[in-house]
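Working notes, beginning with the structure itself.
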2 protein chains.
Amino acid sequence: MAKQIPDIVIGRLPVYLRALQQMKQEGRQVTSSQELGERLGISAAQIRKDLSQFGEFGKQGTGYNIEYLANQVREILKVNRSWDVIIVGAGDIGRALAGYNGFSERGFKIRGIFDNNASLVGSKQGEFTISDSKTMKEVIQTSGIKIAMIAVPAGHAQQVADQLVEAGIRAILSYAPVNLNVPAGVRVQNIDPSIHLQRMTYYLE
Amino acid sequence: MAKQIPDIVIGRLPVYLRALQQMKQEGRQVTSSQELGERLGISAAQIRKDLSQFGEFGKQGTGYNIEYLANQVREILKVNRSWDVIIVGAGDIGRALAGYNGFSERGFKIRGIFDNNASLVGSKQGEFTISDSKTMKEVIQTSGIKIAMIAVPAGHAQQVADQLVEAGIRAILSYAPVNLNVPAGVRVQNIDPSIHLQRMTYYLE
DNA sequence: CGTTTATTGTGCAACTAAACACAATAGGGG
DNA sequence: CCCCTATTGTGTTTAGTTGCACAATAAACG
Ligand SMILES: NC(=O)c1ccc[n+]([C@@H]2O[C@H](COP(=O)([O-])OP(=O)(O)OC[C@H]3O[C@@H](n4cnc5c(N)ncnc54)[C@H](O)[C@@H]3O)[C@@H](O)[C@H]2O)c1
Ligand SMILES: NC(=O)c1ccc[n+]([C@@H]2O[C@H](COP(=O)([O-])OP(=O)(O)OC[C@H]3O[C@@H](n4cnc5c(N)ncnc54)[C@H](O)[C@@H]3O)[C@@H](O)[C@H]2O)c1
């Protein structure tokens, strides 16, 4: 069996990928671990070691071909294809996510947005029509969707997560400010701006 | 000089605090490192060790008084007071943040929302009126604001960050999908849903 | 008032992650 | 074609983090 890759390394790869995509857009062709490190505030050695877990992508003296490396990282992260994603909760955050056009170039395609508020169901939200969350399970299962974003109030998030997992979702990005409990095999990432702010106040005067 | 506390410990404290606040709301009075750990998926020993960096907050045999511990953690994180925050960019995300009522109970007060689009300036956004970003610096300086959230397009984020730092901002929460470069002494936290999603796809089939 | 139970705070050991430092070498220039 | 420079990939060292295990002790109970 191949060596187990640390979570923390996987966590950095998307950051590298984003920087590579940006360099590509700037018209650049090659870069080095040093340059990448300077941009990201990470040591060059760490970037090299992280990448070396997966193969040899660079050339001595030259560095890395940006497009090639980006494609390799996409392959490692399995975002060299497009993943279907659904959004649950069509409030301010859910609608902002539905209207965000930054997902497609990063490997994700929004497949639907669901709400349990009957007065929202059926209304247009950009290119999407808000669906009744009663139909969520069927959509997830017939389309084989594995990823969901939760944007419902905190008090409803656990219950929504339970439904999603039961329907077959295996990765959840939650905007609700609560800890979700999910069975092993299901991944959760949380986005809570208050938490991020509180991580900085400690360092302020 | 007091022992230097690792960043990674500071990063967990807001998560503990959120769980404590939730327990309090559930009417609970005491908890234990074990119970907290189970809720958060963190080992009890780690929670005890993290807290012990700052003092002795529990009682053998009994555990921790929730309200007391929450207050201690608030004090450590300096969120036992209210921090003024501004939002730059009054698009979908900026407006969602301005309308979010979850900040006040976590130690933050939105003091203004700024945009450089003349046709937005002056319009009402919930309880706020969108201000011209030309006036940002003055507001920051006269009110002594230290924290800002950036919700402008990626291509404008670095420039906005530069302006903010120059005006005196010392902590930035950025929603723009780019790496910001800021001088030492300024903290940055990033929220980018694509990054979070890409951290999970690796583990999917 | 002694015994039992629960649970803390922490020294130490084990593990994990980061940094260092250098041989190997690609490519450019003379 | 050889030397010089830049830069990789990695073995080794150093630093940082987590988990273990237990003495200390608060409270409950009989
Ligand atoms: N607005 C922000 O900037 C912001 C910031 C941080 C966190 N959050 C969090 O994100 C979540 C959403 O925030 P929001 O401002 O969009 O809230 P919102 O109240 O505007 O929207 C929530 C939506 O979820 C729907 N909903 C409720 N229960 C549901 C269920 N069981 N199934 C399906 N849909 C359901 C509601 O009908 C509503 O449309 C909340 O948990 C909030 O705390 C929001
Ligand atoms: N909408 C989402 O769900 C979402 C998700 C992830 C990331 N983001 C990111 O968050 C940021 C904001 O997203 P959005 O959807 O709200 O964008 P948006 O285009 O709706 O709004 C951006 C706002 O910023 C203003 N602006 C532009 N340059 C400015 C400047 N120099 N100073 C002040 N204001 C300026 C614009 O006038 C506009 O009102 C973007 O970087 C986007 O990539 C958004």
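For the structure tokens, the naming scheme is as follows: chains receive sequential letters (A, B, ...) according to their order of presentation, residues are indexed from 1 within each chain, and ligands are indexed from 1 in presentation order.
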
Within 9 Å of ligand 2, counting only C-alpha atoms (C1' of nucleotides) and all ligand atoms, residues as a ChimeraX atom specification:
/A:93-103 /B:88-96,114-120,132-134,150-157,159-160,174-178,191-194

Quick one: residues within 12 Å of range 12-26 of chain D, only C-alpha atoms (C1' of nucleotides), excluding same-chain residues fewer than 6 positions away - as an mmCIF file with C-alpha atoms (C1' of nucleotides), in the first residue's frame?
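New file selection39.cif:
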```cif
data_model
loop_
_atom_site.group_PDB
_atom_site.id
_atom_site.type_symbol
_atom_site.label_atom_id
_atom_site.label_comp_id
_atom_site.auth_asym_id
_atom_site.auth_seq_id
_atom_site.Cartn_x
_atom_site.Cartn_y
_atom_site.Cartn_z
ATOM 1 C CA ILE B 5 1.428 30.077 22.934
ATOM 2 C CA PRO B 6 1.344 28.107 19.664
ATOM 3 C CA ASP B 7 -0.877 29.475 16.892
ATOM 4 C CA ILE B 8 -2.535 26.127 16.563
ATOM 5 C CA VAL B 9 -3.787 26.342 20.134
ATOM 6 C CA ILE B 42 -10.943 16.383 19.627
ATOM 7 C CA SER B 43 -9.241 14.372 22.373
ATOM 8 C CA ALA B 44 -10.047 15.315 25.953
ATOM 9 C CA ALA B 45 -6.343 15.484 26.779
ATOM 10 C CA GLN B 46 -5.781 18.040 24.073
ATOM 11 C CA ILE B 47 -8.524 20.295 25.347
ATOM 12 C CA ARG B 48 -7.155 20.110 28.870
ATOM 13 C CA LYS B 49 -3.647 20.838 27.686
ATOM 14 C CA ASP B 50 -4.746 23.745 25.523
ATOM 15 C CA GLY B 58 -11.667 23.341 36.042
ATOM 16 C CA LYS B 59 -12.204 21.291 39.167
ATOM 17 C CA GLN B 60 -11.150 17.697 39.621
ATOM 18 C CA GLY B 61 -14.078 15.352 39.693
ATOM 19 C CA THR B 62 -16.492 18.020 38.483
ATOM 20 C CA GLY B 63 -15.232 19.503 35.234
ATOM 21 C "C1'" DT C 5 -16.072 8.119 41.690
ATOM 22 C "C1'" DA C 6 -15.123 11.467 38.336
ATOM 23 C "C1'" DT C 7 -12.152 14.377 36.363
ATOM 24 C "C1'" DT C 8 -8.438 17.755 36.311
ATOM 25 C "C1'" DG C 9 -3.544 19.348 35.227
ATOM 26 C "C1'" DT C 10 0.844 17.762 33.713
ATOM 27 C "C1'" DG C 11 5.498 15.213 33.069
ATOM 28 C "C1'" DC C 12 7.027 12.310 29.762
ATOM 29 C "C1'" DA C 13 7.062 9.518 25.709
ATOM 30 C "C1'" DA C 14 5.658 8.987 21.063
ATOM 31 C "C1'" DC C 15 4.654 10.832 17.027
ATOM 32 C "C1'" DT C 16 4.397 14.311 13.337
ATOM 33 C "C1'" DA C 17 5.893 18.209 10.815
ATOM 34 C "C1'" DA C 18 9.265 21.641 9.347
ATOM 35 C "C1'" DA C 19 13.750 23.154 8.269
ATOM 36 C "C1'" DC C 20 18.368 22.289 6.874
ATOM 37 C "C1'" DA C 21 21.714 21.211 3.794
ATOM 38 C "C1'" DC C 22 23.603 19.044 -0.016
#
```

Given a cut-off of 7 Å, which residues of chain B touch chain A, counting only C-alpha atoms, written out as an MDAnalysis selection string?
chainID B and resid 10:11 14:15 40 76:78 92:93 96 103 106 171 173 179 187 189 194:202

For CA of Ala184 in chain A and atom 43 (O, counted along the ligand's line) of ligand 1, determine how far apart the two atoms are, in Å to one decimal place.
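Taking CA of Ala184 in chain A as the start and atom 43 (O, counted along the ligand's line) of ligand 1 as the end point, the length is 25.0 Å.
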
Separation of CA of Arg111 in chain B from CA of Val139 in chain B in Å:
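So the answer is 9.1 Å.
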
Using backbone DSSP assignments, extract all strand (DSSP E or B) residues from range 66-196 of chain A; output them as a VMD selection string.
chain A and resid 83 to 88 108 to 115 124 to 125 128 to 129 131 to 132 147 to 150 171 to 174 187 to 190

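Contact shell of Glu138 in chain B at 12 Å (only C-alpha atoms (C1' of nucleotides); same-chain neighbours under 3 positions omitted): Ser131, Asp132, Ser133, Lys134, Thr135, Gln141, Thr142, Ser143, Gly144, Ile145, Gln163, Leu164, Glu166, Ala167, Gly168 and Ile169 of chain B.
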
Got time to write the residues from that selection, N, CA, C and O atoms, as a PDB file, in the first residue's frame?
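Contents of out_37.pdb, freshly written:
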```
ATOM      1  N   SER B 131     -21.228  53.196   2.025  1.00  0.00           N
ATOM      2  CA  SER B 131     -20.410  54.410   1.938  1.00  0.00           C
ATOM      3  C   SER B 131     -19.429  54.306   0.780  1.00  0.00           C
ATOM      4  O   SER B 131     -19.062  53.211   0.349  1.00  0.00           O
ATOM      5  N   ASP B 132     -18.984  55.453   0.340  1.00  0.00           N
ATOM      6  CA  ASP B 132     -17.966  55.507  -0.708  1.00  0.00           C
ATOM      7  C   ASP B 132     -16.630  55.045  -0.122  1.00  0.00           C
ATOM      8  O   ASP B 132     -16.230  55.517   0.949  1.00  0.00           O
ATOM      9  N   SER B 133     -15.950  54.159  -0.847  1.00  0.00           N
ATOM     10  CA  SER B 133     -14.709  53.640  -0.274  1.00  0.00           C
ATOM     11  C   SER B 133     -13.628  54.721  -0.192  1.00  0.00           C
ATOM     12  O   SER B 133     -12.616  54.520   0.461  1.00  0.00           O
ATOM     13  N   LYS B 134     -13.846  55.843  -0.848  1.00  0.00           N
ATOM     14  CA  LYS B 134     -12.901  56.973  -0.683  1.00  0.00           C
ATOM     15  C   LYS B 134     -12.867  57.453   0.770  1.00  0.00           C
ATOM     16  O   LYS B 134     -11.873  58.005   1.221  1.00  0.00           O
ATOM     17  N   THR B 135     -13.967  57.231   1.483  1.00  0.00           N
ATOM     18  CA  THR B 135     -14.043  57.728   2.861  1.00  0.00           C
ATOM     19  C   THR B 135     -13.553  56.709   3.893  1.00  0.00           C
ATOM     20  O   THR B 135     -13.532  56.971   5.095  1.00  0.00           O
ATOM     21  N   GLN B 141      -9.539  55.646  10.641  1.00  0.00           N
ATOM     22  CA  GLN B 141      -8.641  56.358  11.533  1.00  0.00           C
ATOM     23  C   GLN B 141      -9.380  57.099  12.641  1.00  0.00           C
ATOM     24  O   GLN B 141      -8.957  57.057  13.795  1.00  0.00           O
ATOM     25  N   THR B 142     -10.496  57.738  12.296  1.00  0.00           N
ATOM     26  CA  THR B 142     -11.178  58.473  13.368  1.00  0.00           C
ATOM     27  C   THR B 142     -11.788  57.508  14.377  1.00  0.00           C
ATOM     28  O   THR B 142     -11.855  57.807  15.563  1.00  0.00           O
ATOM     29  N   SER B 143     -12.208  56.310  13.918  1.00  0.00           N
ATOM     30  CA  SER B 143     -12.804  55.361  14.872  1.00  0.00           C
ATOM     31  C   SER B 143     -11.786  54.370  15.422  1.00  0.00           C
ATOM     32  O   SER B 143     -12.133  53.535  16.245  1.00  0.00           O
ATOM     33  N   GLY B 144     -10.563  54.405  14.923  1.00  0.00           N
ATOM     34  CA  GLY B 144      -9.548  53.470  15.406  1.00  0.00           C
ATOM     35  C   GLY B 144      -9.881  52.013  15.121  1.00  0.00           C
ATOM     36  O   GLY B 144      -9.607  51.126  15.932  1.00  0.00           O
ATOM     37  N   ILE B 145     -10.458  51.768  13.949  1.00  0.00           N
ATOM     38  CA  ILE B 145     -10.869  50.400  13.610  1.00  0.00           C
ATOM     39  C   ILE B 145      -9.653  49.562  13.208  1.00  0.00           C
ATOM     40  O   ILE B 145      -8.774  50.037  12.495  1.00  0.00           O
ATOM     41  N   GLN B 163      -4.595  49.546   0.966  1.00  0.00           N
ATOM     42  CA  GLN B 163      -5.235  50.745   1.493  1.00  0.00           C
ATOM     43  C   GLN B 163      -5.613  50.571   2.957  1.00  0.00           C
ATOM     44  O   GLN B 163      -5.439  51.461   3.777  1.00  0.00           O
ATOM     45  N   LEU B 164      -6.192  49.393   3.254  1.00  0.00           N
ATOM     46  CA  LEU B 164      -6.644  49.139   4.620  1.00  0.00           C
ATOM     47  C   LEU B 164      -5.477  49.169   5.591  1.00  0.00           C
ATOM     48  O   LEU B 164      -5.554  49.790   6.665  1.00  0.00           O
ATOM     49  N   GLU B 166      -2.612  50.564   5.215  1.00  0.00           N
ATOM     50  CA  GLU B 166      -2.094  51.926   5.311  1.00  0.00           C
ATOM     51  C   GLU B 166      -2.946  52.778   6.260  1.00  0.00           C
ATOM     52  O   GLU B 166      -2.421  53.640   6.967  1.00  0.00           O
ATOM     53  N   ALA B 167      -4.238  52.489   6.266  1.00  0.00           N
ATOM     54  CA  ALA B 167      -5.135  53.269   7.118  1.00  0.00           C
ATOM     55  C   ALA B 167      -5.089  52.828   8.577  1.00  0.00           C
ATOM     56  O   ALA B 167      -5.611  53.507   9.454  1.00  0.00           O
ATOM     57  N   GLY B 168      -4.484  51.656   8.839  1.00  0.00           N
ATOM     58  CA  GLY B 168      -4.350  51.237  10.227  1.00  0.00           C
ATOM     59  C   GLY B 168      -4.996  49.900  10.569  1.00  0.00           C
ATOM     60  O   GLY B 168      -4.934  49.461  11.716  1.00  0.00           O
ATOM     61  N   ILE B 169      -5.601  49.247   9.581  1.00  0.00           N
ATOM     62  CA  ILE B 169      -6.205  47.929   9.831  1.00  0.00           C
ATOM     63  C   ILE B 169      -5.102  46.917  10.148  1.00  0.00           C
ATOM     64  O   ILE B 169      -4.062  46.896   9.501  1.00  0.00           O
TER      65      ILE B 169
END
```

Residues of chain D within 9 Å of chain A, using only C-alpha atoms (C1' of nucleotides), as a PDB file with all heavy atoms, in the first residue's frame?
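That gives us part.pdb:
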```
ATOM      1  P    DT D   5      28.741  31.261 -11.181  1.00  0.00           P
ATOM      2  OP1  DT D   5      29.012  32.700 -11.094  1.00  0.00           O
ATOM      3  OP2  DT D   5      29.221  30.304 -10.154  1.00  0.00           O
ATOM      4  O5'  DT D   5      27.161  31.070 -11.324  1.00  0.00           O
ATOM      5  C5'  DT D   5      26.499  31.491 -12.524  1.00  0.00           C
ATOM      6  C4'  DT D   5      25.080  30.982 -12.476  1.00  0.00           C
ATOM      7  O4'  DT D   5      25.051  29.574 -12.834  1.00  0.00           O
ATOM      8  C3'  DT D   5      24.424  31.110 -11.100  1.00  0.00           C
ATOM      9  O3'  DT D   5      23.185  31.759 -11.280  1.00  0.00           O
ATOM     10  C2'  DT D   5      24.284  29.672 -10.615  1.00  0.00           C
ATOM     11  C1'  DT D   5      24.199  28.896 -11.934  1.00  0.00           C
ATOM     12  N1   DT D   5      24.659  27.479 -11.902  1.00  0.00           N
ATOM     13  C2   DT D   5      23.923  26.533 -12.569  1.00  0.00           C
ATOM     14  O2   DT D   5      22.920  26.786 -13.193  1.00  0.00           O
ATOM     15  N3   DT D   5      24.432  25.261 -12.503  1.00  0.00           N
ATOM     16  C4   DT D   5      25.564  24.843 -11.842  1.00  0.00           C
ATOM     17  O4   DT D   5      25.912  23.664 -11.866  1.00  0.00           O
ATOM     18  C5   DT D   5      26.288  25.884 -11.152  1.00  0.00           C
ATOM     19  C7   DT D   5      27.544  25.536 -10.389  1.00  0.00           C
ATOM     20  C6   DT D   5      25.812  27.141 -11.206  1.00  0.00           C
ATOM     21  P    DA D   6      22.261  32.154 -10.037  1.00  0.00           P
ATOM     22  OP1  DA D   6      21.835  33.549 -10.255  1.00  0.00           O
ATOM     23  OP2  DA D   6      22.928  31.745  -8.773  1.00  0.00           O
ATOM     24  O5'  DA D   6      21.002  31.218 -10.243  1.00  0.00           O
ATOM     25  C5'  DA D   6      20.464  31.042 -11.539  1.00  0.00           C
ATOM     26  C4'  DA D   6      19.544  29.842 -11.495  1.00  0.00           C
ATOM     27  O4'  DA D   6      20.338  28.632 -11.419  1.00  0.00           O
ATOM     28  C3'  DA D   6      18.623  29.835 -10.270  1.00  0.00           C
ATOM     29  O3'  DA D   6      17.309  29.613 -10.741  1.00  0.00           O
ATOM     30  C2'  DA D   6      19.140  28.687  -9.409  1.00  0.00           C
ATOM     31  C1'  DA D   6      19.817  27.777 -10.420  1.00  0.00           C
ATOM     32  N9   DA D   6      20.962  27.019  -9.895  1.00  0.00           N
ATOM     33  C8   DA D   6      21.950  27.483  -9.068  1.00  0.00           C
ATOM     34  N7   DA D   6      22.857  26.577  -8.775  1.00  0.00           N
ATOM     35  C5   DA D   6      22.428  25.441  -9.453  1.00  0.00           C
ATOM     36  C6   DA D   6      22.958  24.146  -9.555  1.00  0.00           C
ATOM     37  N6   DA D   6      24.072  23.751  -8.941  1.00  0.00           N
ATOM     38  N1   DA D   6      22.276  23.256 -10.319  1.00  0.00           N
ATOM     39  C2   DA D   6      21.160  23.650 -10.931  1.00  0.00           C
ATOM     40  N3   DA D   6      20.566  24.847 -10.921  1.00  0.00           N
ATOM     41  C4   DA D   6      21.265  25.699 -10.151  1.00  0.00           C
ATOM     42  P    DT D   7      16.070  29.694  -9.783  1.00  0.00           P
ATOM     43  OP1  DT D   7      14.943  30.123 -10.631  1.00  0.00           O
ATOM     44  OP2  DT D   7      16.419  30.408  -8.546  1.00  0.00           O
ATOM     45  O5'  DT D   7      15.873  28.171  -9.404  1.00  0.00           O
ATOM     46  C5'  DT D   7      15.612  27.237 -10.442  1.00  0.00           C
ATOM     47  C4'  DT D   7      15.677  25.863  -9.845  1.00  0.00           C
ATOM     48  O4'  DT D   7      17.061  25.488  -9.571  1.00  0.00           O
ATOM     49  C3'  DT D   7      14.951  25.715  -8.509  1.00  0.00           C
ATOM     50  O3'  DT D   7      14.005  24.687  -8.584  1.00  0.00           O
ATOM     51  C2'  DT D   7      16.037  25.399  -7.545  1.00  0.00           C
ATOM     52  C1'  DT D   7      17.019  24.671  -8.463  1.00  0.00           C
ATOM     53  N1   DT D   7      18.356  24.482  -7.875  1.00  0.00           N
ATOM     54  C2   DT D   7      18.979  23.279  -8.090  1.00  0.00           C
ATOM     55  O2   DT D   7      18.493  22.386  -8.771  1.00  0.00           O
ATOM     56  N3   DT D   7      20.198  23.128  -7.468  1.00  0.00           N
ATOM     57  C4   DT D   7      20.830  24.054  -6.671  1.00  0.00           C
ATOM     58  O4   DT D   7      21.914  23.795  -6.177  1.00  0.00           O
ATOM     59  C5   DT D   7      20.123  25.302  -6.486  1.00  0.00           C
ATOM     60  C7   DT D   7      20.717  26.370  -5.626  1.00  0.00           C
ATOM     61  C6   DT D   7      18.944  25.453  -7.084  1.00  0.00           C
ATOM     62  P    DT D   8      12.933  24.418  -7.442  1.00  0.00           P
ATOM     63  OP1  DT D   8      11.656  24.953  -7.932  1.00  0.00           O
ATOM     64  OP2  DT D   8      13.422  24.775  -6.113  1.00  0.00           O
ATOM     65  O5'  DT D   8      12.887  22.841  -7.557  1.00  0.00           O
ATOM     66  C5'  DT D   8      12.761  22.244  -8.844  1.00  0.00           C
ATOM     67  C4'  DT D   8      13.445  20.890  -8.830  1.00  0.00           C
ATOM     68  O4'  DT D   8      14.811  21.073  -8.419  1.00  0.00           O
ATOM     69  C3'  DT D   8      12.815  19.909  -7.857  1.00  0.00           C
ATOM     70  O3'  DT D   8      12.387  18.758  -8.562  1.00  0.00           O
ATOM     71  C2'  DT D   8      13.895  19.607  -6.837  1.00  0.00           C
ATOM     72  C1'  DT D   8      15.169  20.073  -7.506  1.00  0.00           C
ATOM     73  N1   DT D   8      16.167  20.675  -6.577  1.00  0.00           N
ATOM     74  C2   DT D   8      17.322  19.985  -6.313  1.00  0.00           C
ATOM     75  O2   DT D   8      17.566  18.881  -6.784  1.00  0.00           O
ATOM     76  N3   DT D   8      18.198  20.620  -5.457  1.00  0.00           N
ATOM     77  C4   DT D   8      18.047  21.847  -4.865  1.00  0.00           C
ATOM     78  O4   DT D   8      18.920  22.304  -4.134  1.00  0.00           O
ATOM     79  C5   DT D   8      16.813  22.525  -5.173  1.00  0.00           C
ATOM     80  C7   DT D   8      16.544  23.852  -4.567  1.00  0.00           C
ATOM     81  C6   DT D   8      15.946  21.923  -6.002  1.00  0.00           C
ATOM     82  P    DG D   9      11.258  17.831  -7.971  1.00  0.00           P
ATOM     83  OP1  DG D   9      10.679  17.047  -9.098  1.00  0.00           O
ATOM     84  OP2  DG D   9      10.381  18.639  -7.110  1.00  0.00           O
ATOM     85  O5'  DG D   9      12.097  16.865  -7.034  1.00  0.00           O
ATOM     86  C5'  DG D   9      12.898  15.857  -7.621  1.00  0.00           C
ATOM     87  C4'  DG D   9      13.648  15.120  -6.526  1.00  0.00           C
ATOM     88  O4'  DG D   9      14.519  16.053  -5.835  1.00  0.00           O
ATOM     89  C3'  DG D   9      12.770  14.499  -5.438  1.00  0.00           C
ATOM     90  O3'  DG D   9      13.319  13.202  -5.191  1.00  0.00           O
ATOM     91  C2'  DG D   9      12.927  15.443  -4.245  1.00  0.00           C
ATOM     92  C1'  DG D   9      14.349  15.928  -4.436  1.00  0.00           C
ATOM     93  N9   DG D   9      14.660  17.240  -3.885  1.00  0.00           N
ATOM     94  C8   DG D   9      13.867  18.365  -3.902  1.00  0.00           C
ATOM     95  N7   DG D   9      14.430  19.413  -3.352  1.00  0.00           N
ATOM     96  C5   DG D   9      15.680  18.947  -2.944  1.00  0.00           C
ATOM     97  C6   DG D   9      16.736  19.626  -2.290  1.00  0.00           C
ATOM     98  O6   DG D   9      16.782  20.804  -1.937  1.00  0.00           O
ATOM     99  N1   DG D   9      17.831  18.784  -2.082  1.00  0.00           N
ATOM    100  C2   DG D   9      17.887  17.469  -2.447  1.00  0.00           C
ATOM    101  N2   DG D   9      19.019  16.826  -2.165  1.00  0.00           N
ATOM    102  N3   DG D   9      16.909  16.813  -3.059  1.00  0.00           N
ATOM    103  C4   DG D   9      15.837  17.616  -3.273  1.00  0.00           C
ATOM    104  P    DT D  10      12.699  12.221  -4.145  1.00  0.00           P
ATOM    105  OP1  DT D  10      12.864  10.869  -4.703  1.00  0.00           O
ATOM    106  OP2  DT D  10      11.371  12.724  -3.718  1.00  0.00           O
ATOM    107  O5'  DT D  10      13.700  12.389  -2.915  1.00  0.00           O
ATOM    108  C5'  DT D  10      15.045  11.941  -3.028  1.00  0.00           C
ATOM    109  C4'  DT D  10      15.732  12.221  -1.700  1.00  0.00           C
ATOM    110  O4'  DT D  10      15.856  13.641  -1.507  1.00  0.00           O
ATOM    111  C3'  DT D  10      14.953  11.704  -0.483  1.00  0.00           C
ATOM    112  O3'  DT D  10      15.876  11.126   0.410  1.00  0.00           O
ATOM    113  C2'  DT D  10      14.383  12.961   0.135  1.00  0.00           C
ATOM    114  C1'  DT D  10      15.508  13.935  -0.179  1.00  0.00           C
ATOM    115  N1   DT D  10      15.157  15.368  -0.077  1.00  0.00           N
ATOM    116  C2   DT D  10      16.133  16.228   0.363  1.00  0.00           C
ATOM    117  O2   DT D  10      17.253  15.873   0.667  1.00  0.00           O
ATOM    118  N3   DT D  10      15.742  17.544   0.439  1.00  0.00           N
ATOM    119  C4   DT D  10      14.499  18.061   0.131  1.00  0.00           C
ATOM    120  O4   DT D  10      14.276  19.258   0.243  1.00  0.00           O
ATOM    121  C5   DT D  10      13.526  17.094  -0.329  1.00  0.00           C
ATOM    122  C7   DT D  10      12.145  17.547  -0.708  1.00  0.00           C
ATOM    123  C6   DT D  10      13.900  15.818  -0.411  1.00  0.00           C
TER     124       DT D  10
END
```

Residues of range 87-202 of chain A in helix (DSSP H, G or I), written as a VMD selection string:
chain A and resid 92 to 99 104 to 106 133 to 143 154 to 167 193 to 201
